[in-house]
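Pasted below: query_8.txt, compact mmCIF, C-alpha atoms.
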```txt
# COMPACT_ATOMS: atom_id res chain seq x y z
CA MET A 1 11.05 -37.27 20.19
CA ASN A 2 11.27 -33.75 18.77
CA LYS A 3 9.55 -33.06 15.51
CA PRO A 4 11.23 -30.69 13.10
CA PRO A 5 9.40 -27.37 12.66
CA LYS A 6 6.94 -27.23 9.80
CA PRO A 7 8.18 -25.28 6.80
CA LYS A 8 6.27 -22.11 6.07
CA GLN A 9 3.72 -22.57 3.33
CA LYS A 10 3.78 -20.18 0.44
CA ARG A 11 0.18 -20.75 -0.53
CA GLY A 12 -2.96 -19.43 1.04
CA ARG A 13 -3.71 -16.30 2.96
CA LYS A 14 -0.96 -14.53 4.88
CA SER A 15 -1.34 -13.95 8.57
CA LEU A 16 -1.99 -10.42 9.86
CA LYS A 17 1.45 -10.42 11.46
CA ASP A 18 3.14 -11.25 8.15
CA MET A 19 1.14 -8.57 6.34
CA GLY A 20 2.03 -6.05 9.04
CA ASP A 21 5.71 -6.91 8.81
CA GLU A 22 5.67 -6.42 5.04
CA ALA A 23 3.72 -3.18 5.33
CA GLU A 24 6.45 -1.56 7.37
CA PHE A 25 9.06 -1.97 4.65
CA VAL A 26 7.12 -0.29 1.81
CA GLU A 27 8.79 2.87 0.63
CA LEU A 28 7.02 5.07 -1.86
CA PRO A 29 9.41 7.14 -3.97
CA SER A 30 9.41 10.90 -3.50
CA ASP A 31 7.09 13.13 -5.53
CA GLU A 32 9.94 14.14 -7.85
CA VAL A 33 10.71 10.52 -8.69
CA LEU A 34 7.02 9.63 -9.09
CA GLY A 35 6.50 12.61 -11.38
CA LYS A 36 9.25 11.57 -13.78
CA LYS A 37 7.01 8.93 -15.34
CA LEU A 38 3.61 9.84 -16.67
CA TYR A 39 2.04 6.45 -16.03
CA TYR A 40 2.93 3.28 -14.12
CA SER A 41 1.67 -0.14 -15.14
CA ILE A 42 -0.15 -2.30 -12.63
CA GLY A 43 2.93 -4.53 -12.41
CA GLU A 44 5.14 -1.59 -11.44
CA VAL A 45 2.65 -0.48 -8.79
CA CYS A 46 2.47 -4.03 -7.43
CA ASP A 47 6.27 -4.12 -7.22
CA LEU A 48 6.24 -0.88 -5.21
CA PHE A 49 3.87 -2.33 -2.61
CA HIS A 50 4.83 -6.03 -2.78
CA ILE A 51 1.26 -7.14 -3.49
CA ASN A 52 -0.53 -9.09 -6.21
CA PRO A 53 -2.27 -7.34 -9.13
CA SER A 54 -5.51 -9.00 -8.06
CA SER A 55 -5.41 -6.98 -4.83
CA ILE A 56 -5.25 -3.70 -6.71
CA ARG A 57 -7.97 -4.78 -9.13
CA TYR A 58 -10.16 -5.71 -6.14
CA TRP A 59 -9.44 -2.40 -4.41
CA GLU A 60 -10.47 -0.65 -7.62
CA THR A 61 -13.90 -2.26 -7.39
CA GLU A 62 -14.28 -1.51 -3.68
CA PHE A 63 -12.94 2.06 -3.53
CA THR A 64 -14.71 4.24 -6.07
CA PHE A 65 -12.16 7.06 -5.93
CA LEU A 66 -9.47 4.74 -7.33
CA LYS A 67 -9.85 4.97 -11.11
CA PRO A 68 -6.72 4.09 -13.06
CA ARG A 69 -6.61 4.87 -16.75
CA LYS A 70 -7.24 1.92 -19.07
CA ASN A 71 -6.23 1.46 -22.69
CA LYS A 72 -8.34 -0.30 -25.32
CA LYS A 73 -6.82 -3.63 -24.33
CA GLY A 74 -7.89 -3.09 -20.69
CA ASP A 75 -4.43 -2.61 -19.20
CA ARG A 76 -4.43 -0.34 -16.16
CA PHE A 77 -2.09 2.62 -15.93
CA PHE A 78 -1.63 4.67 -12.77
CA ASN A 79 -0.45 8.28 -12.63
CA ALA A 80 1.30 9.68 -9.55
CA THR A 81 -1.94 10.68 -7.80
CA GLU A 82 -3.43 7.21 -8.34
CA VAL A 83 -0.27 5.63 -6.91
CA LYS A 84 -0.68 7.83 -3.83
CA LYS A 85 -4.30 6.69 -3.52
CA VAL A 86 -3.15 3.07 -3.67
CA HIS A 87 -0.59 3.90 -0.98
CA LEU A 88 -3.33 5.34 1.25
CA ILE A 89 -5.47 2.23 0.78
CA TYR A 90 -2.46 0.02 1.41
CA TYR A 91 -1.67 1.96 4.58
CA LEU A 92 -5.21 1.59 5.92
CA LEU A 93 -5.61 -2.08 5.05
CA ARG A 94 -2.17 -3.53 5.65
CA TYR A 95 -0.48 -1.24 8.14
CA LYS A 96 -3.45 -0.10 10.24
CA LYS A 97 -5.18 -3.48 9.61
CA TYR A 98 -8.58 -1.99 8.83
CA THR A 99 -11.19 -4.10 7.09
CA ILE A 100 -12.44 -2.97 3.69
CA GLU A 101 -15.64 -1.63 5.23
CA ALA A 102 -13.79 0.18 8.03
CA ALA A 103 -11.42 1.75 5.51
CA LYS A 104 -14.38 2.90 3.40
CA ASP A 105 -16.03 4.43 6.47
CA TYR A 106 -12.78 6.10 7.50
CA LEU A 107 -12.35 7.62 4.05
CA LYS A 108 -15.99 8.78 3.94
CA GLN A 109 -15.68 10.48 7.33
CA HIS A 110 -12.40 12.16 6.42
CA LYS A 111 -13.09 12.88 2.76
CA ASN A 112 -12.44 16.60 2.89
CA ASP A 113 -10.30 16.53 5.99
CA SER A 114 -6.85 18.01 5.40
CA GLU A 115 -5.80 16.72 8.82
CA THR A 116 -5.94 13.16 7.46
CA ASP A 117 -3.56 14.06 4.65
CA VAL A 118 -1.18 15.73 7.08
CA ARG A 119 -1.33 12.74 9.42
CA PHE A 120 -0.70 10.34 6.54
CA GLU A 121 2.28 12.40 5.34
CA LEU A 122 3.61 12.48 8.89
CA VAL A 123 3.36 8.71 9.20
CA LYS A 124 5.18 8.29 5.87
CA SER A 125 8.01 10.57 6.99
CA LEU A 126 8.26 8.77 10.34
CA GLN A 127 8.47 5.44 8.52
CA GLN A 128 11.34 6.80 6.40
CA ILE A 129 13.14 7.99 9.54
CA LYS A 130 12.61 4.58 11.13
CA GLN A 131 14.09 2.84 8.08
CA PHE A 132 17.08 5.20 8.17
CA LEU A 133 17.67 4.54 11.86
CA LEU A 134 17.36 0.77 11.40
CA ALA A 135 19.89 0.91 8.57
CA LEU A 136 22.18 3.02 10.71
CA LYS A 137 21.84 0.53 13.56
CA ALA A 138 22.67 -2.36 11.24
CA ASP A 139 25.84 -0.58 10.09
CA LEU A 140 27.13 -0.24 13.66
```
Using the file provided, produce a representation of the structure as structure tokens.
Amino acid sequence: MNKPPKPKQKRGRKSLKDMGDEAEFVELPSDEVLGKKLYYSIGEVCDLFHINPSSIRYWETEFTFLKPRKNKKGDRFFNATEVKKVHLIYYLLRYKKYTIEAAKDYLKQHKNDSETDVRFELVKSLQQIKQFLLALKADL
């Protein structure tokens, strides 16, 4: 007697495979588009990366270089450079699957390393090319 497959649960922690699959589809807008707005709310940043606001608030406590601006009410606002920092953290944690401690160590070792920035930009451009090619393949 065959049992029907269990439906996927929407609660609880996602598997590393699911997080990796989602990480591949994140597209950060270009610098020109990011620069059009002075500040982004935490909700807008979460929509860019498909994550919960609690993740960004937690990353803010763990990574000291991430310091979004806050108003008197306590709402967080991210400028373009802060959004790029969130993207770097997201890349290390979700795409490369580093732990928080490993990501901290990586960032400490490569703090002033311009090679890291170049490598990160290269990976972003390769991801954009991959998305373009996948879209082109789907159109065939």
Using only C-alpha atoms, which residues of segment 30-102 of chain A come within 10 Å of segment 121-126 of chain A, and what is the closest atom pair for each, with the distance in Å to one decimal? Give it as JSON lines, sorted by chain and residue number.
```
{"residue": "A:His87", "atom": "CA", "partner": "A:Lys124", "partner_atom": "CA", "distance": 10.0}
{"residue": "A:Leu88", "atom": "CA", "partner": "A:Glu121", "partner_atom": "CA", "distance": 9.9}
{"residue": "A:Tyr91", "atom": "CA", "partner": "A:Lys124", "partner_atom": "CA", "distance": 9.4}
```
Restricting to all atoms listed in the file, whichever of A:Glu32, A:Asn79, A:Ser55, A:Asp139 is closest to Arg94 of chain A is A:Ser55
What separates atom CA of Asn52 of chain A and atom CA of Arg76 of chain A is a distance of 13.8 Å
| said: At a cut-off of 10 Å, using all atoms listed in the file, what residues contact Arg57 of chain A? Leave out same-chain residues fewer than 3 positions from it and give the result as a list in words. | reply: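 Counting only the stated atoms, we get Ile42, Asn52, Pro53, Ser54, Glu60, Thr61, Glu62, Leu66, Pro68 and Arg76 of chain A.
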For atom CA of Asp47 of chain A and atom CA of Leu93 of chain A, the interatomic separation in Å (one decimal):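 A separation of 17.2 Å between them.
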**Message:** I'd like to know which of A:Ala135, A:Lys37, A:Phe120, A:Phe49 is closest to Lys96 of chain A, using all atoms listed in the file.
**Reply:**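 Of the candidates, the smallest distance to Lys96 of chain A is held by A:Phe120.
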Worksheet item: For Pro29 of chain A, which residue out of A:Lys72, A:Lys130, A:Lys84, A:Lys111 is the nearest one, using all atoms listed in the file?
Response: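 Of all the options, A:Lys84 lies closest to Pro29 of chain A.
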Computed gap from atom CA of Lys36 of chain A to atom CA of Leu136 of chain A is 29.0 Å
List as an mmCIF file with C-alpha atoms, in the coordinates of the input: which residues have an atom within 6 Å of (-1.5, 6.4, -15.6), counting only C-alpha atoms?
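To be explicit, this is the file written out as result-v2.cif:
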```cif
data_model
loop_
_atom_site.group_PDB
_atom_site.id
_atom_site.type_symbol
_atom_site.label_atom_id
_atom_site.label_comp_id
_atom_site.auth_asym_id
_atom_site.auth_seq_id
_atom_site.Cartn_x
_atom_site.Cartn_y
_atom_site.Cartn_z
ATOM 1 C CA TYR A 39 2.040 6.450 -16.030
ATOM 2 C CA TYR A 40 2.930 3.280 -14.120
ATOM 3 C CA ARG A 69 -6.610 4.870 -16.750
ATOM 4 C CA PHE A 77 -2.090 2.620 -15.930
ATOM 5 C CA PHE A 78 -1.630 4.670 -12.770
ATOM 6 C CA ASN A 79 -0.450 8.280 -12.630
#
```
Expected axis-aligned box over every listed atom of segment 28-35 of chain A, 5 Å added per side, centre plus edges in Å to one decimal, as JSON:
```
{"center_x": 8.6, "center_y": 9.6, "center_z": -6.6, "size_x": 14.2, "size_y": 19.1, "size_z": 19.5}
```
- If we count all atoms listed in the file, what is near Phe63 of chain A at a cut-off of 10 Å, once residues fewer than 4 positions away on the same chain are taken out, given as an NGL selection string? :A and (58-59 or 67 or 85-86 or 89 or 100-101 or 103-104 or 107)
